[in-house]
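Written out below as structure tokens is the structure these notes cover.
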Amino acid sequence: MDFRQLIKSLQDIVGEENVVYHSDDLLVFEYDGSVDRGMPEAVVFPSCTDEVSRVVKLASSAGIPVVGRGTGTGLSGGAIAPPGGIQIAFPRMNHILEVDTGNRLAIVEPGVINLHLDTRVRKEGLRYAPDPSSQKACSLGGNIAENSGGPHCLAYGTTTNHVLGMEVVLEDGSIINLGSLARETVGYDLRGVFTGSEGTFGIATQIAVRLLPIPEAVRTFLGVFSDIESACTAVSAVIEHGIVPAALEMIDALTIQAVQKVTDAGYPDNAGAVLLIELEGLRDEVDEIGKEVEAALWDTGATQVRTAEEAKEREQLWVGRNGALGALGGIAPNYFLVDGVVPRTQLAKVLGQVSTISAKYDIPIANVFHAGDGNLHPCLLFDERQPGSLEKIMEAGTEVLQVCVDAGGTLTGEHGVGLEKKEQMPLVYSEDDMASMLLVRESFAPTNNMNPGKIFPDGIKPIPHAHPAAPGMTI
Amino acid sequence: MQSYLIDQLSQLLGGNSVSTSDGHEIDGLTPQAVVRPADLLQLSEIMRWAASKQVSLLPRGGGTRSSLGNIPLKTDVVLDMGAFDHVLDYQPADMTATVEAGMTLSSMQRQLALGGEFVPLESAQSDRSTIGGILSVGAGGPLSHTYGLPREWLIGISVMTTKGIVTKAGGKVVKNVTGYDLNKLYTGALGTLGVIVEASFKLLPREPHSGALVVSFPTVEASIAAGRKLLHTPAAPLGYHCVSSGVTNWLKHFSQPVSQELGLENREAPLCFSYFAGRAQATKRRMDEATAVLLSEGGNATYRIEGNAADEMLKWLTDTASIIKTSSTLVMKISVQPQLASSVSKECADITVLGQIPDQVVDPGFGSIRFFWSEPGNDSTQASDVDQSVLDAIQKIRAIIHRYKGSAVVENCPVGVKRQIDIWGHPPDSLELMQSIKKRFDPDCILNPGRFLGGI
């Protein structure tokens, strides 16, 4: 099929105004939140499942690869179009179709923004628990693809623990349902294995998610420490008390300095690390456990402890955490974000090794991360205008991942493998492990036409481009 | 034929690992041998041998759920995973643990208790049921309203493929999106894709206090409605179960005090069970408020216990299904949206098997209902009449559940009925996909052939 014919056929399905193909218009679809880029041939905006099905069927029969794209906030290149591929994006399929308070579930289209769903259901006393830090911008379809996490996943689990069922379009255009509206279904858990498959199995066109009740009380604690080791000790102390907070986040000295330059988050300039801890539950629990948390923070050397319970004040404590990545733009124009996970007991050791790598490569590395989960986010800061800087960054990033894996951890906790880390997969999985995974892909997508070239090593190096840290970007 | 398989296996592994299959009957079929591999190497040899000879393998943990599933197409060799019963890695401060698949749940919990933690898996007969078995069945228990299913807690898995190769997915960290989440695929697959050899879990800290409330109600319907109300308050228990009056008889055997206190000695009554755990103050408040809600919603008498007694009550409730099952002609497990539990309970309540109405255990928080039809008093009924009556009941239940878009699994029924139905019910529209996955993972169809849905 020649290009003009392809565009015409796509237009016939979704309408002329819903196909983008001029190179100027395509520029914004060239990248996501990672360092990778790839120009799609066209981007299609379907309005319903049937249109998605027809577009996918058309593309597959013409051998044109298809990638679903949410809002482009992904951090592993998952939504980057492969050469010659088209993207399907969902700005028109952004409806919350149903909020069922009795059964505590919602049915949404893939283009619904994570925070929009949460805001909507909070009116009913409910919440959607998974809260990627990009939740103001990221879509639920993208969350499904990446099995997204977020600060509150410590207590509530990631996206996969909240998806009940979905309607998906497979590469031949067929439409099937996975899971159901009941919590338990018969047969293989295909909605479970679909979640986190990074768009390589198909495209979710309707998603049913579980909602949780809003807790009676929420209290946030901010502990300031003079160094990162004592902050890590505090994390262990909290866990050892038998406490699983709703969130447990850490910010290191470099990030604190960057944040304080941009906004007054109330951190002392000489702080070595800041811990943010959030407790949720009955007021009685929050009171009792809160005292233990406070004591643990003081016992492990906190120089300052602040708490807040009112929503506004709590937000104030979170300001520094939420604005961290944007603030790093004050240190260097570009960043490369690593998503390694380690067992919680290895945090202090691995952060030390990351610091050694930072010195070895002479790259500033800022750390702002989900300490409770052991999910690091070392942010390698650089200036792409300096020749060779990106190559150096990629090398250092791989070394950071190696350190995580050596500590018993893994490559990615919530961002996905995508393009960015596919060549590192052999660090954690054998060829046999990956062969088993590919058996599942062969069943869902026998011709590998859905988001090909992602997750598994194929020796094809993406051409990395860096882009500047923008205030809207969050992790 | 029998000595032939035993001979071959003995040659392969040495005689100590192989035995005849006395007592391992499945749906009236007697497997020809039981093999108990001592290590991964032996397991690998068995898998490769079985695949090359098209010998069917029936993986087995504690055997507590071996009646679940369709009648196997072939029952050659039972694969006893009992030798794989070690904790491989447990760091309390990481709140994760890795164990071998043949380890029993209670033995795992005992080890985790030393570190002040537990794994939120639930299973009847936890001193026999194994981690591999629990994962393969994939089911939860009385607290699944809060803890969900085993799928929520499994973070890593090692599986022996039919090629005799150990493959892993996930890992030992609590958050992981590296590669496809095959943990989910193997959980609930009834051992049809590979043999689980190791599993890693995320854990929770043990709560310092626990308590249970048992409240009697005039009807099951009222107890479900009260539960729905309670579950939507901050005092919600970790799990809430309603049982019909017939189950009360079983409770009497378990606990005299509860029968006395609720006045159940001379009459039967529907009951609800609530289980709570947490810090002392919060647990007390939850139980106080729950009592008030349940009484104002029609509850008659309440019985309140704490600590060990509450945990024992929870264990009894977890075991109920396996206890009542032993004297039931038919057991069905229904899953629907939670709010529909009440309608399902009501609509199915008068469907009879040989004139008997079912007992029920309802979880209105999770949306599951088990119906038990007990064996008729006189055993003079012809087997064919029993089968017909059971078949009729299954069809009626399925018609109702189909309307509610739920699932209805036949957990226990006479073999004569099993031959005529798919115990898993109407297959989902993704069946073809499931069959395709099965074919790729087990091309010679040697693992539990025919036991899963749609002929898998």
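Here's how to read the names in the structure tokens: chain A, B, ... by the order shown, residue numbers from 1 in each chain, ligand numbers from 1 in the order shown.
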Contacts of Gln91 (chain B) within 12 Å, only C-alpha atoms, excl. fewer than 5 positions in-chain, as an mmCIF file with C-alpha atoms, in the first residue's frame:
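out-v9.cif written:
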data_model
loop_
_atom_site.group_PDB
_atom_site.id
_atom_site.type_symbol
_atom_site.label_atom_id
_atom_site.label_comp_id
_atom_site.auth_asym_id
_atom_site.auth_seq_id
_atom_site.Cartn_x
_atom_site.Cartn_y
_atom_site.Cartn_z
ATOM 1 C CA GLU A 240 10.927 -3.048 61.313
ATOM 2 C CA PRO A 343 15.561 -5.224 47.864
ATOM 3 C CA ARG A 344 14.857 -2.641 50.552
ATOM 4 C CA THR A 345 17.819 -3.729 52.681
ATOM 5 C CA GLN A 346 20.210 -2.934 49.825
ATOM 6 C CA THR B 96 9.849 -10.730 50.735
ATOM 7 C CA ALA B 97 10.411 -14.473 50.796
ATOM 8 C CA THR B 98 11.253 -17.148 48.258
ATOM 9 C CA VAL B 99 10.150 -20.714 48.890
ATOM 10 C CA GLN B 111 8.852 -19.473 59.335
ATOM 11 C CA LEU B 112 7.612 -15.997 58.432
ATOM 12 C CA LEU B 114 9.682 -15.705 63.272
ATOM 13 C CA GLY B 115 10.281 -12.490 61.341
ATOM 14 C CA GLY B 116 6.970 -10.983 62.471
ATOM 15 C CA GLU B 117 5.425 -11.327 59.008
ATOM 16 C CA LYS B 172 12.562 -10.778 44.424
ATOM 17 C CA VAL B 173 11.642 -7.109 44.435
ATOM 18 C CA SER B 200 8.689 -15.292 45.667
ATOM 19 C CA PHE B 201 6.126 -13.239 47.538
ATOM 20 C CA LYS B 202 5.745 -9.850 49.035
ATOM 21 C CA LEU B 203 4.761 -10.079 52.679
#
> chain B residues within 6 Å of chain A, counting only C-alpha atoms: which ones, as number ranges by chain?
Replying inline: B: 94, 167-168, 173, 175-178, 180-181, 184-185, 189, 205, 282, 336-339, 436-437
> Contacts of region 385-397 of chain B at 12 Å or less, counting only C-alpha atoms, minus same-chain residues fewer than 5 places along, as a PyMOL selection string?
Replying inline: chain B and resi 328-334+344-358+369-376+378-380+402-404+406-426
Prev. selection, C-alpha atoms, output as a compact mmCIF listing (two decimals), in the first residue's frame:
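Written output follows (result.txt):
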# COMPACT_ATOMS: atom_id res chain seq x y z
CA SER B 328 -22.01 -32.82 49.63
CA THR B 329 -23.41 -34.17 46.40
CA LEU B 330 -22.73 -30.92 44.60
CA VAL B 331 -20.59 -27.88 45.39
CA MET B 332 -20.61 -24.81 43.15
CA LYS B 333 -18.57 -21.66 43.46
CA ILE B 334 -20.02 -18.50 41.99
CA VAL B 344 -27.66 -14.64 43.38
CA SER B 345 -27.97 -16.01 46.88
CA LYS B 346 -31.71 -15.47 46.86
CA GLU B 347 -32.41 -16.75 43.37
CA CYS B 348 -30.40 -19.92 43.84
CA ALA B 349 -31.57 -20.65 47.38
CA ASP B 350 -34.48 -22.85 46.36
CA ILE B 351 -32.81 -24.83 43.59
CA THR B 352 -32.85 -28.37 44.85
CA VAL B 353 -30.84 -31.52 44.35
CA LEU B 354 -32.91 -34.58 45.25
CA GLY B 355 -35.25 -32.32 47.18
CA GLN B 356 -32.50 -30.64 49.21
CA ILE B 357 -31.97 -26.89 49.10
CA PRO B 358 -28.36 -25.72 49.29
CA ILE B 369 -20.83 -17.55 46.86
CA ARG B 370 -20.41 -21.26 47.49
CA PHE B 371 -23.47 -23.49 47.37
CA PHE B 372 -23.39 -26.93 48.98
CA TRP B 373 -26.07 -29.52 48.37
CA SER B 374 -25.69 -32.15 51.06
CA GLU B 375 -26.08 -35.85 50.42
CA PRO B 376 -29.65 -37.05 50.78
CA ASN B 378 -31.56 -42.17 52.25
CA ASP B 379 -28.98 -43.65 49.93
CA SER B 380 -31.46 -45.76 48.00
CA HIS B 402 -25.04 -16.22 32.94
CA ARG B 403 -27.59 -13.43 33.34
CA TYR B 404 -25.40 -11.83 36.01
CA GLY B 406 -20.49 -14.14 36.48
CA SER B 407 -18.80 -17.52 36.57
CA ALA B 408 -20.08 -20.76 38.09
CA VAL B 409 -17.51 -23.48 38.70
CA VAL B 410 -18.57 -26.97 39.77
CA GLU B 411 -16.09 -27.82 42.52
CA ASN B 412 -17.56 -31.18 43.43
CA CYS B 413 -20.07 -33.48 41.79
CA PRO B 414 -20.54 -37.16 40.97
CA VAL B 415 -18.16 -38.46 38.30
CA GLY B 416 -21.14 -39.41 36.18
CA VAL B 417 -22.07 -35.73 35.97
CA LYS B 418 -18.50 -34.61 35.41
CA ARG B 419 -18.38 -36.71 32.26
CA GLN B 420 -21.19 -34.62 30.81
CA ILE B 421 -20.12 -31.06 31.62
CA ASP B 422 -17.24 -28.61 31.61
CA ILE B 423 -16.92 -27.94 35.32
CA TRP B 424 -15.57 -24.44 34.54
CA GLY B 425 -18.79 -23.43 32.83
CA HIS B 426 -19.29 -21.47 29.66
>> If you run DSSP on the backbone here, which positions in region 346-443 of chain A get strand (DSSP E)? Please write them as a count of residues only.
In response: 10
Counting only C-alpha atoms, what is within 9 Å of Pro449 (chain B), bar same-chain residues fewer than 4 positions away, as a CSV table (one decimal) with N, CA and C atoms, in the first residue's frame?
chain,number,residue,atom,x,y,z
B,56,SER,N,1.4,-38.6,30.4
B,56,SER,CA,0.8,-37.4,31.1
B,56,SER,C,1.3,-37.3,32.5
B,57,LEU,N,1.5,-36.1,33.0
B,57,LEU,CA,1.9,-35.8,34.3
B,57,LEU,C,0.8,-35.0,35.1
B,58,LEU,N,0.5,-35.4,36.3
B,58,LEU,CA,-0.4,-34.7,37.1
B,58,LEU,C,0.3,-34.1,38.3
B,71,ILE,N,-12.5,-34.2,34.2
B,71,ILE,CA,-11.9,-35.5,34.3
B,71,ILE,C,-10.6,-35.5,33.3
B,72,PRO,N,-9.5,-35.9,33.9
B,72,PRO,CA,-8.3,-35.9,33.0
B,72,PRO,C,-8.4,-36.8,31.8
B,73,LEU,N,-7.9,-36.4,30.7
B,73,LEU,CA,-7.9,-37.2,29.5
B,73,LEU,C,-7.0,-38.4,29.6
B,74,LYS,N,-5.9,-38.2,30.4
B,74,LYS,CA,-5.0,-39.3,30.6
B,74,LYS,C,-4.4,-39.1,32.0
B,75,THR,N,-4.3,-40.3,32.7
B,75,THR,CA,-3.8,-40.2,34.1
B,75,THR,C,-2.6,-41.2,34.2
B,192,THR,N,-1.2,-26.4,34.1
B,192,THR,CA,-1.3,-26.9,32.7
B,192,THR,C,-0.3,-26.3,31.8
B,445,CYS,N,0.9,-31.8,25.2
B,445,CYS,CA,-0.3,-31.9,26.1
B,445,CYS,C,-0.1,-33.0,27.2
B,455,GLY,N,-11.2,-27.9,27.4
B,455,GLY,CA,-10.4,-29.0,26.9
B,455,GLY,C,-8.9,-28.8,27.1
B,456,ILE,N,-8.5,-27.7,27.7
B,456,ILE,CA,-7.1,-27.4,27.9
B,456,ILE,C,-6.6,-28.4,29.0
>> Just checking: using only C-alpha atoms, which residue out of B:Val220, B:Ala341, B:Ala212, B:Val362 ends up closest to Arg304 (chain B)?
In response: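 Comparing B:Val220, B:Ala341, B:Ala212, B:Val362 against Arg304 (chain B), the winner is B:Ala212.
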> Could you pull out the alpha helix (DSSP H) residues of region 98-230 of chain A from DSSP and send them as a count of residues only?
Replying inline: 28
>> Rounded to one decimal, what separation in Å do you get between CA of Ala38 (chain B) and CA of Phe118 (chain B)?
In response: 27.5 Å
>> For a test of reading the model, state the distance in Å between CA of Pro83 (chain A) and CA of Pro40 (chain A), rounded to one decimal.
In response: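 Going from CA of Pro83 (chain A) over to CA of Pro40 (chain A), I get 7.1 Å.
Distances here use only C-alpha atoms; by that measure, the residue among B:Gly367, B:Gly191, B:Gly62, B:Pro234 closest to Ala217 (chain A) is B:Pro234.
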>> Report, in Å with one decimal, the straight-line distance from CA of Asp32 (chain A) to CA of Gly74 (chain A).
In response: 5.6 Å
> Near Leu275 (chain A), within 10 Å and counting only C-alpha atoms, which residues show up once chain neighbours fewer than 4 positions away are dropped, as a list in words?
Replying inline: Phe221, Leu222, Gly223, Val224, Phe225, Ile228, Ala231, Cys232, Ala234, Val235, Leu248, Glu249, Met250, Ile251, Asp252, Leu297, Ala302, Val305, Arg321, Val368, Phe369, His370 and Ala371 of chain A
> If you count only C-alpha atoms, which residues fall within 12 Å of region 20-25 of chain B, apart from same-chain ones fewer than 2 positions away, as a PyMOL selection string?
Replying inline: chain B and resi 2-7+9-10+15-18+27-36+58-64+66-67+71-72+75-80
Would you put the residues from that selection into a file with N, CA and C atoms, as a compact mmCIF listing (two decimals), in the first residue's frame?
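Dumped to part-v7.txt:
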# COMPACT_ATOMS: atom_id res chain seq x y z
N GLN B 2 1.39 -50.80 33.52
CA GLN B 2 1.73 -50.19 34.79
C GLN B 2 3.21 -50.40 35.13
N SER B 3 3.63 -51.66 35.08
CA SER B 3 5.01 -51.95 35.44
C SER B 3 5.95 -51.30 34.44
N TYR B 4 5.46 -51.13 33.22
CA TYR B 4 6.28 -50.53 32.18
C TYR B 4 6.68 -49.10 32.55
N LEU B 5 5.69 -48.27 32.97
CA LEU B 5 5.99 -46.88 33.36
C LEU B 5 6.84 -46.83 34.62
N ILE B 6 6.50 -47.69 35.59
CA ILE B 6 7.26 -47.71 36.83
C ILE B 6 8.71 -48.12 36.55
N ASP B 7 8.86 -49.12 35.69
CA ASP B 7 10.21 -49.57 35.33
C ASP B 7 11.02 -48.45 34.70
N LEU B 9 10.57 -45.23 34.87
CA LEU B 9 10.87 -44.16 35.82
C LEU B 9 11.96 -44.61 36.80
N SER B 10 11.89 -45.86 37.22
CA SER B 10 12.89 -46.36 38.16
C SER B 10 14.27 -46.33 37.51
N GLY B 15 14.88 -46.46 42.11
CA GLY B 15 13.60 -46.96 42.61
C GLY B 15 12.97 -46.14 43.72
N ASN B 16 13.79 -45.45 44.52
CA ASN B 16 13.24 -44.76 45.69
C ASN B 16 12.26 -43.64 45.33
N SER B 17 12.39 -43.11 44.14
CA SER B 17 11.57 -41.96 43.79
C SER B 17 10.23 -42.37 43.19
N VAL B 18 10.05 -43.66 42.94
CA VAL B 18 8.87 -44.09 42.19
C VAL B 18 8.05 -45.07 43.02
N ASP B 27 -10.99 -38.65 40.13
CA ASP B 27 -12.25 -38.86 39.42
C ASP B 27 -12.45 -40.32 39.03
N GLY B 28 -12.10 -41.21 39.92
CA GLY B 28 -12.31 -42.63 39.67
C GLY B 28 -11.23 -43.27 38.82
N LEU B 29 -10.27 -42.48 38.37
CA LEU B 29 -9.19 -43.03 37.55
C LEU B 29 -7.94 -43.21 38.42
N THR B 30 -7.27 -44.33 38.24
CA THR B 30 -6.08 -44.59 39.04
C THR B 30 -4.83 -44.40 38.17
N PRO B 31 -4.01 -43.43 38.52
CA PRO B 31 -2.77 -43.23 37.77
C PRO B 31 -1.88 -44.45 37.91
N GLN B 32 -0.91 -44.59 37.01
CA GLN B 32 -0.11 -45.82 37.02
C GLN B 32 1.09 -45.74 37.93
N ALA B 33 1.53 -44.53 38.23
CA ALA B 33 2.70 -44.41 39.10
C ALA B 33 2.71 -43.05 39.76
N VAL B 34 3.42 -43.00 40.88
CA VAL B 34 3.68 -41.71 41.52
C VAL B 34 5.18 -41.53 41.52
N VAL B 35 5.61 -40.37 41.05
CA VAL B 35 7.04 -40.11 41.07
C VAL B 35 7.31 -38.88 41.91
N ARG B 36 8.34 -38.98 42.73
CA ARG B 36 8.66 -37.90 43.64
C ARG B 36 10.10 -37.46 43.39
N LEU B 58 0.54 -35.43 36.30
CA LEU B 58 -0.44 -34.71 37.11
C LEU B 58 0.30 -34.13 38.32
N PRO B 59 0.75 -32.87 38.23
CA PRO B 59 1.50 -32.28 39.34
C PRO B 59 0.63 -32.25 40.59
N ARG B 60 1.25 -32.53 41.72
CA ARG B 60 0.49 -32.63 42.95
C ARG B 60 1.27 -32.05 44.12
N GLY B 61 0.59 -31.18 44.88
CA GLY B 61 1.20 -30.64 46.09
C GLY B 61 0.73 -31.46 47.28
N GLY B 62 -0.23 -30.92 48.03
CA GLY B 62 -0.76 -31.66 49.18
C GLY B 62 -1.97 -32.51 48.81
N GLY B 63 -2.43 -32.37 47.57
CA GLY B 63 -3.58 -33.16 47.12
C GLY B 63 -4.91 -32.70 47.69
N THR B 64 -4.95 -31.50 48.30
CA THR B 64 -6.21 -31.07 48.93
C THR B 64 -7.24 -30.61 47.92
N SER B 66 -7.26 -31.86 44.61
CA SER B 66 -7.06 -32.64 43.38
C SER B 66 -8.37 -33.05 42.73
N SER B 67 -9.50 -32.80 43.40
CA SER B 67 -10.77 -33.11 42.73
C SER B 67 -11.23 -31.95 41.84
N ILE B 71 -12.49 -34.21 34.20
CA ILE B 71 -11.87 -35.53 34.25
C ILE B 71 -10.65 -35.53 33.33
N PRO B 72 -9.48 -35.92 33.86
CA PRO B 72 -8.28 -35.89 33.01
C PRO B 72 -8.43 -36.80 31.80
N THR B 75 -4.31 -40.27 32.75
CA THR B 75 -3.75 -40.18 34.11
C THR B 75 -2.60 -41.15 34.23
N ASP B 76 -1.46 -40.80 33.67
CA ASP B 76 -0.33 -41.74 33.71
C ASP B 76 0.43 -41.66 35.03
N VAL B 77 1.00 -40.48 35.28
CA VAL B 77 1.93 -40.39 36.41
C VAL B 77 1.61 -39.17 37.27
N VAL B 78 1.48 -39.40 38.57
CA VAL B 78 1.33 -38.29 39.51
C VAL B 78 2.72 -37.76 39.84
N LEU B 79 2.88 -36.44 39.72
CA LEU B 79 4.18 -35.82 40.00
C LEU B 79 4.10 -35.19 41.39
N ASP B 80 4.66 -35.87 42.35
CA ASP B 80 4.58 -35.44 43.75
C ASP B 80 5.71 -34.44 44.04
Residues within 9 Å of Glu122 (chain B), only C-alpha atoms, excluding chain neighbours under 3 positions, as a PDB file with N, CA and C atoms, in the first residue's frame:
ATOM      1  N   LEU B 105       1.589 -24.289  53.230  1.00  0.00           N
ATOM      2  CA  LEU B 105       1.331 -22.897  53.614  1.00  0.00           C
ATOM      3  C   LEU B 105       1.592 -22.690  55.099  1.00  0.00           C
ATOM      4  N   VAL B 119       2.412 -14.198  54.786  1.00  0.00           N
ATOM      5  CA  VAL B 119       2.063 -14.031  53.374  1.00  0.00           C
ATOM      6  C   VAL B 119       0.541 -14.130  53.292  1.00  0.00           C
ATOM      7  N   SER B 126      -4.361 -25.850  55.554  1.00  0.00           N
ATOM      8  CA  SER B 126      -3.083 -25.211  55.248  1.00  0.00           C
ATOM      9  C   SER B 126      -1.892 -26.035  55.718  1.00  0.00           C
ATOM     10  N   ILE B 134      -1.539 -23.939  45.795  1.00  0.00           N
ATOM     11  CA  ILE B 134      -2.360 -22.742  46.018  1.00  0.00           C
ATOM     12  C   ILE B 134      -2.247 -21.802  44.822  1.00  0.00           C
ATOM     13  N   ALA B 139      -6.914 -19.484  44.027  1.00  0.00           N
ATOM     14  CA  ALA B 139      -8.082 -18.972  44.756  1.00  0.00           C
ATOM     15  C   ALA B 139      -7.694 -18.311  46.073  1.00  0.00           C
ATOM     16  N   GLY B 140      -8.587 -17.503  46.568  1.00  0.00           N
ATOM     17  CA  GLY B 140      -8.381 -16.823  47.843  1.00  0.00           C
ATOM     18  C   GLY B 140      -9.172 -17.499  48.952  1.00  0.00           C
ATOM     19  N   GLY B 141      -9.439 -16.763  50.007  1.00  0.00           N
ATOM     20  CA  GLY B 141     -10.176 -17.300  51.144  1.00  0.00           C
ATOM     21  C   GLY B 141     -11.052 -16.233  51.759  1.00  0.00           C
ATOM     22  N   PRO B 142     -11.378 -16.388  53.061  1.00  0.00           N
ATOM     23  CA  PRO B 142     -12.327 -15.470  53.699  1.00  0.00           C
ATOM     24  C   PRO B 142     -11.895 -13.999  53.696  1.00  0.00           C
ATOM     25  N   LEU B 143     -10.595 -13.732  53.548  1.00  0.00           N
ATOM     26  CA  LEU B 143     -10.172 -12.332  53.594  1.00  0.00           C
ATOM     27  C   LEU B 143      -9.874 -11.778  52.204  1.00  0.00           C
ATOM     28  N   SER B 144     -10.353 -12.448  51.164  1.00  0.00           N
ATOM     29  CA  SER B 144      -9.988 -11.976  49.825  1.00  0.00           C
ATOM     30  C   SER B 144     -10.608 -10.621  49.499  1.00  0.00           C
ATOM     31  N   LEU B 149      -6.465 -12.132  45.628  1.00  0.00           N
ATOM     32  CA  LEU B 149      -6.109 -13.509  45.302  1.00  0.00           C
ATOM     33  C   LEU B 149      -4.587 -13.675  45.372  1.00  0.00           C
ATOM     34  N   PRO B 150      -4.098 -14.906  45.305  1.00  0.00           N
ATOM     35  CA  PRO B 150      -2.641 -15.113  45.352  1.00  0.00           C
ATOM     36  C   PRO B 150      -1.889 -14.269  44.303  1.00  0.00           C
ATOM     37  N   THR B 318     -12.041 -20.683  56.970  1.00  0.00           N
ATOM     38  CA  THR B 318     -11.225 -21.007  55.796  1.00  0.00           C
ATOM     39  C   THR B 318     -11.389 -22.478  55.416  1.00  0.00           C
TER      40      THR B 318
END
